[in-house]
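*Asks:* The structure that follows is given in the form of structure tokens.
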Amino acid sequence: MKRVVTGNYAAAYGAKVCKPDVVAAYPITPQTFIVEHISEFVNDGEMDTQFVRMDSEHSAMSACVSASATGVRTFTATASQGLALMHEILFIASAQRLPVVMPVVNRTVAGPIGIWVEYNDTMPQRDTGWLQVYVEDNQEVLDMTIQAFKIAEDHDVLLPMMVNLDAFILSHTVEPVDLIEQEEVDRFLPPYDPIANLLPETPMAVGTFSPPEYIQEVRYQTDVAMRKAEAVIERVNREFAEQFGRDYHGMLEEYRTDDADVILVTLGTVTSTARAVVDRMREAGKKVGIVKLRFFRPYPLEQIREIASRVDAIGFYDRSVSYGVGGPSYIEGRHALYGYTIPVMNFLAGIGGRDVMSEDVELMFDMLLKAAKEGKAEKDIVWIGTRGVNP
Amino acid sequence: MDRNKGGEPVNIKELPDKELFTPGHTACPGCAAPIVMRHVMKIFGEKSVVYNPACCLLVFGGTYPWIAWEVPYNHVAFENTGACITGISRALKNIGRDDVTVLGIAGDGGTADIGFQALSGAAERNEDVVYIMYDNEAYMNTGIQRSGSTPYGAWTTTTPAGSKIKGKERFKKDMATIMLAHNVPYVATLNIAYPADFLRKLEKAKEMSGFRFLQIYAPCPTGWRADPNSAVDLSKLAVETGMWTLWEAENGKVTINKKPKFTPVKEYLDQQGRFRHFDDEQYGIIEQWVKDKWDKDEKMLTALGGD
């Protein structure tokens, strides 16, 4: 059934049809509508879950971790400061191999305090052992919330997963979304089958104090799980495409890259703007293309290497910055492309929620084309649309 | 002692022999906490889940791959006991396991300081859990640093007895009264020197539902610089001097279980090296504090007492 809904509604509806046993959450702009919609579902008797209105995001994530350890499906949602407050517990969710699913409405982390889209909330969480997908539209919010449970709960993975959606551009903007029927979701998503629980019939200790003789193996096994997640993501994507007819191409999606001279690697909603720019520049005879980077964890290292081997220059778009070094997507891309001699550029734009206009994206492509022609970028890291700074 | 305000007295001889907090743990000699845990588990039994935050008990109760607990056991972090027991309790509820008791067992720092927000939230929501604060009056696990529950004047490694400032400058935070203000079904203070009262309150907590808060006095001879054989004697003196009031509140109705004898506090303080630096002025401050506390406790009894 198609309905015109916000990204936040899509996330809440996704939670509803996946039937989590426990939802523990705390409201924060711009995520609030997710918890409000879930409150309505619960109070109207449409959703049979233990919905706990927590006292903070730290408590919300803590409750999710212990609920998940008890052996049930668990969901929460947050943004920005809330995610930063959860930070400590994010590591524990992954180390205890608990498939908590959490949409994160990407929002600026203070300071200065702001509420608009930026990725400096989720990017610093890349080392916490959570899977991360960045989405482009409201349909993808719903589809990836449903897929997230199937990926995270797979016994080859058993890691928590974030579904990242842009503040306001998605969270508060309405789009037509195919609200998948409950029976269809039930057919796609099997019940959660935990490998451990906290039931008295099978007493077990989860999370004990551990000496160095054991911790390194925990880290290694978590690393292996993250690497194995790539195949599970691709498989779940295929299964979803077969059942629902929407193919997101798994780890990343290529757009008009076949004969491209240069490629821009995008994240989130900027992808839609970039698609239009690519179409226009193609009409003008410029061979440009984009890679929509969907998963940041796990990272599609080999795919990025293969794609870059076909082009003369590659750029990475970032909506957050690691001070003095560049954007996280760029840093990861440079790591993937070690040994490559083509220009690798970083474009920082839309920071703090500033709009990224099609002219901004066009400028990125023009700079990439120039670097490709000259075999070298004038500068590697380019701030676009910054007052007083010449790109 | 007014022992029959709710709950039947427990016959100590009828306690199960089976230990659910087993020998082999690595607590310091003379630590009161294992005595507390053994008896807590004898009352609550096998259909329990235990959550521990970071605290002494986390470490001495089980370091991987060994564990002293014979029931399901969970640890996540330090400041979130109230939240984690919420998660376990709600998960069990949604799969129909109302027969299992969820116990959060935390130290005084994890309760009165860093864990206070999560505790307050769980109490306000009236989560169906038992929260046990074992109160050894400082951060003992990290090496005897002061907490909000450390008494006035006590030496700790962060409140040393210096030439200018001698020990902690503020008084002990009254956690049980703070929890009473949350309007939860059951609040009680417990003390191992009064085993009948101690076990009856555990039994009472087990019988009830909703949020139950138990503050248990738990001497730490290592951190208190006291004789390792002194835990029970100190526990008794704490009540007799009025340093620790034994009381309970069932659905808001308060009962004081034991009136102090007002034994001079010096007898209690002088057995503990943490008060060794005390001069007459500091003894006087504690004596006054005990008087004021008892006045307040008595007024509370009159105002909130039963019948």
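Simple scheme: letters A, B, ... for chains in structure tokens order, numbers from 1 for residues in each chain, numbers from 1 for ligands in the order shown.
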Please, which residues of chain B lie no more than 7 Å from chain A when the count uses only C-alpha atoms, and can they be set out as JSON, numbers by chain?
*Replies:* {"B": [46, 47, 48, 49, 58, 59, 62, 63, 64, 70, 71, 72, 73, 74, 75, 76, 80, 83, 84, 86, 87, 88, 90, 91, 94, 118, 121]}
*Asks:* Deliver the residues from the most recent selection as a file, using C-alpha atoms, as an mmCIF file, in the first residue's frame.
*Replies:*
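File produced: part_5.cif:
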```
data_model
loop_
_atom_site.group_PDB
_atom_site.id
_atom_site.type_symbol
_atom_site.label_atom_id
_atom_site.label_comp_id
_atom_site.auth_asym_id
_atom_site.auth_seq_id
_atom_site.Cartn_x
_atom_site.Cartn_y
_atom_site.Cartn_z
ATOM 1 C CA GLU B 46 17.100 -20.318 40.889
ATOM 2 C CA LYS B 47 14.424 -18.431 39.008
ATOM 3 C CA SER B 48 16.431 -15.216 39.108
ATOM 4 C CA VAL B 49 18.551 -13.179 36.738
ATOM 5 C CA LEU B 58 31.636 -7.979 39.264
ATOM 6 C CA VAL B 59 35.303 -8.843 39.703
ATOM 7 C CA GLY B 62 33.485 -14.066 38.423
ATOM 8 C CA THR B 63 36.421 -13.436 36.133
ATOM 9 C CA TYR B 64 36.129 -15.275 32.832
ATOM 10 C CA GLU B 70 24.613 -20.305 39.442
ATOM 11 C CA VAL B 71 21.877 -18.208 37.836
ATOM 12 C CA PRO B 72 21.813 -16.228 34.544
ATOM 13 C CA TYR B 73 24.114 -13.269 34.948
ATOM 14 C CA ASN B 74 24.617 -10.068 32.962
ATOM 15 C CA HIS B 75 26.983 -7.135 33.002
ATOM 16 C CA VAL B 76 26.976 -4.215 30.564
ATOM 17 C CA ASN B 80 23.169 1.705 33.917
ATOM 18 C CA ALA B 83 18.316 0.551 32.638
ATOM 19 C CA CYS B 84 19.724 -2.944 32.141
ATOM 20 C CA THR B 86 14.588 -2.737 32.841
ATOM 21 C CA GLY B 87 15.682 -4.357 29.581
ATOM 22 C CA ILE B 88 15.866 -7.863 31.084
ATOM 23 C CA ARG B 90 10.695 -6.190 29.837
ATOM 24 C CA ALA B 91 12.181 -8.887 27.613
ATOM 25 C CA ASN B 94 7.095 -10.027 26.505
ATOM 26 C CA ALA B 118 19.138 5.135 35.483
ATOM 27 C CA GLY B 121 14.186 6.353 35.871
#
```
*Asks:* I need the residues in range 107-264 of chain A that are alpha helix (DSSP H) according to DSSP; give them as an NGL selection string.
*Replies:* :A and (138-152 or 182-188 or 212-244)
*Asks:* Counting only C-alpha atoms, what is within 10 Å of range 165-173 of chain B, bar same-chain residues fewer than 6 positions away, as a list in words?
*Replies:*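 The neighbour list is Asp108, Ala112, Asp113, Glu137, Arg146, Ser147, Gly148, Ser149, Thr150, Pro151, Tyr152, Gly153, Ala154, Trp155, Thr156, Thr157, Thr158, Thr159, Arg274, Phe275, His277, Phe278, Asp279, Gln282, Ile286 and Trp289 of chain B.
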*Asks:* As a PDB file with C-alpha atoms, in the first residue's frame, please: every residue in range 254-322 of chain A that a backbone DSSP assignment puts in strand (DSSP E or B).
*Replies:*
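Saved file states-v8.pdb follows:
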```pdb
ATOM      1  CA  GLU A 254      26.995   2.469  -9.261  1.00  0.00           C
ATOM      2  CA  TYR A 255      25.292   5.081 -11.408  1.00  0.00           C
ATOM      3  CA  VAL A 262      35.824  10.311 -13.104  1.00  0.00           C
ATOM      4  CA  ILE A 263      33.662   9.122 -10.257  1.00  0.00           C
ATOM      5  CA  LEU A 264      32.275  10.811  -7.173  1.00  0.00           C
ATOM      6  CA  VAL A 265      31.555   8.597  -4.153  1.00  0.00           C
ATOM      7  CA  THR A 266      28.477   9.934  -2.364  1.00  0.00           C
ATOM      8  CA  VAL A 288      31.073  11.419 -15.057  1.00  0.00           C
ATOM      9  CA  GLY A 289      29.472   8.893 -12.757  1.00  0.00           C
ATOM     10  CA  ILE A 290      28.734   8.261  -9.120  1.00  0.00           C
ATOM     11  CA  VAL A 291      29.062   5.513  -6.595  1.00  0.00           C
ATOM     12  CA  LYS A 292      26.430   5.646  -3.898  1.00  0.00           C
ATOM     13  CA  LEU A 293      28.298   4.317  -0.906  1.00  0.00           C
ATOM     14  CA  PHE A 295      27.465   0.604   3.729  1.00  0.00           C
ATOM     15  CA  PHE A 296      30.276   2.304   5.599  1.00  0.00           C
ATOM     16  CA  ARG A 297      30.609  -0.669   7.965  1.00  0.00           C
ATOM     17  CA  ALA A 313      40.252  10.338 -10.874  1.00  0.00           C
ATOM     18  CA  ILE A 314      37.991   9.627  -7.924  1.00  0.00           C
ATOM     19  CA  GLY A 315      36.445  11.947  -5.330  1.00  0.00           C
ATOM     20  CA  PHE A 316      34.870  11.246  -1.945  1.00  0.00           C
ATOM     21  CA  TYR A 317      32.049  13.406  -0.656  1.00  0.00           C
ATOM     22  CA  ASP A 318      31.956  13.952   3.107  1.00  0.00           C
ATOM     23  CA  SER A 322      38.217  14.475  11.029  1.00  0.00           C
TER      24      SER A 322
END
```
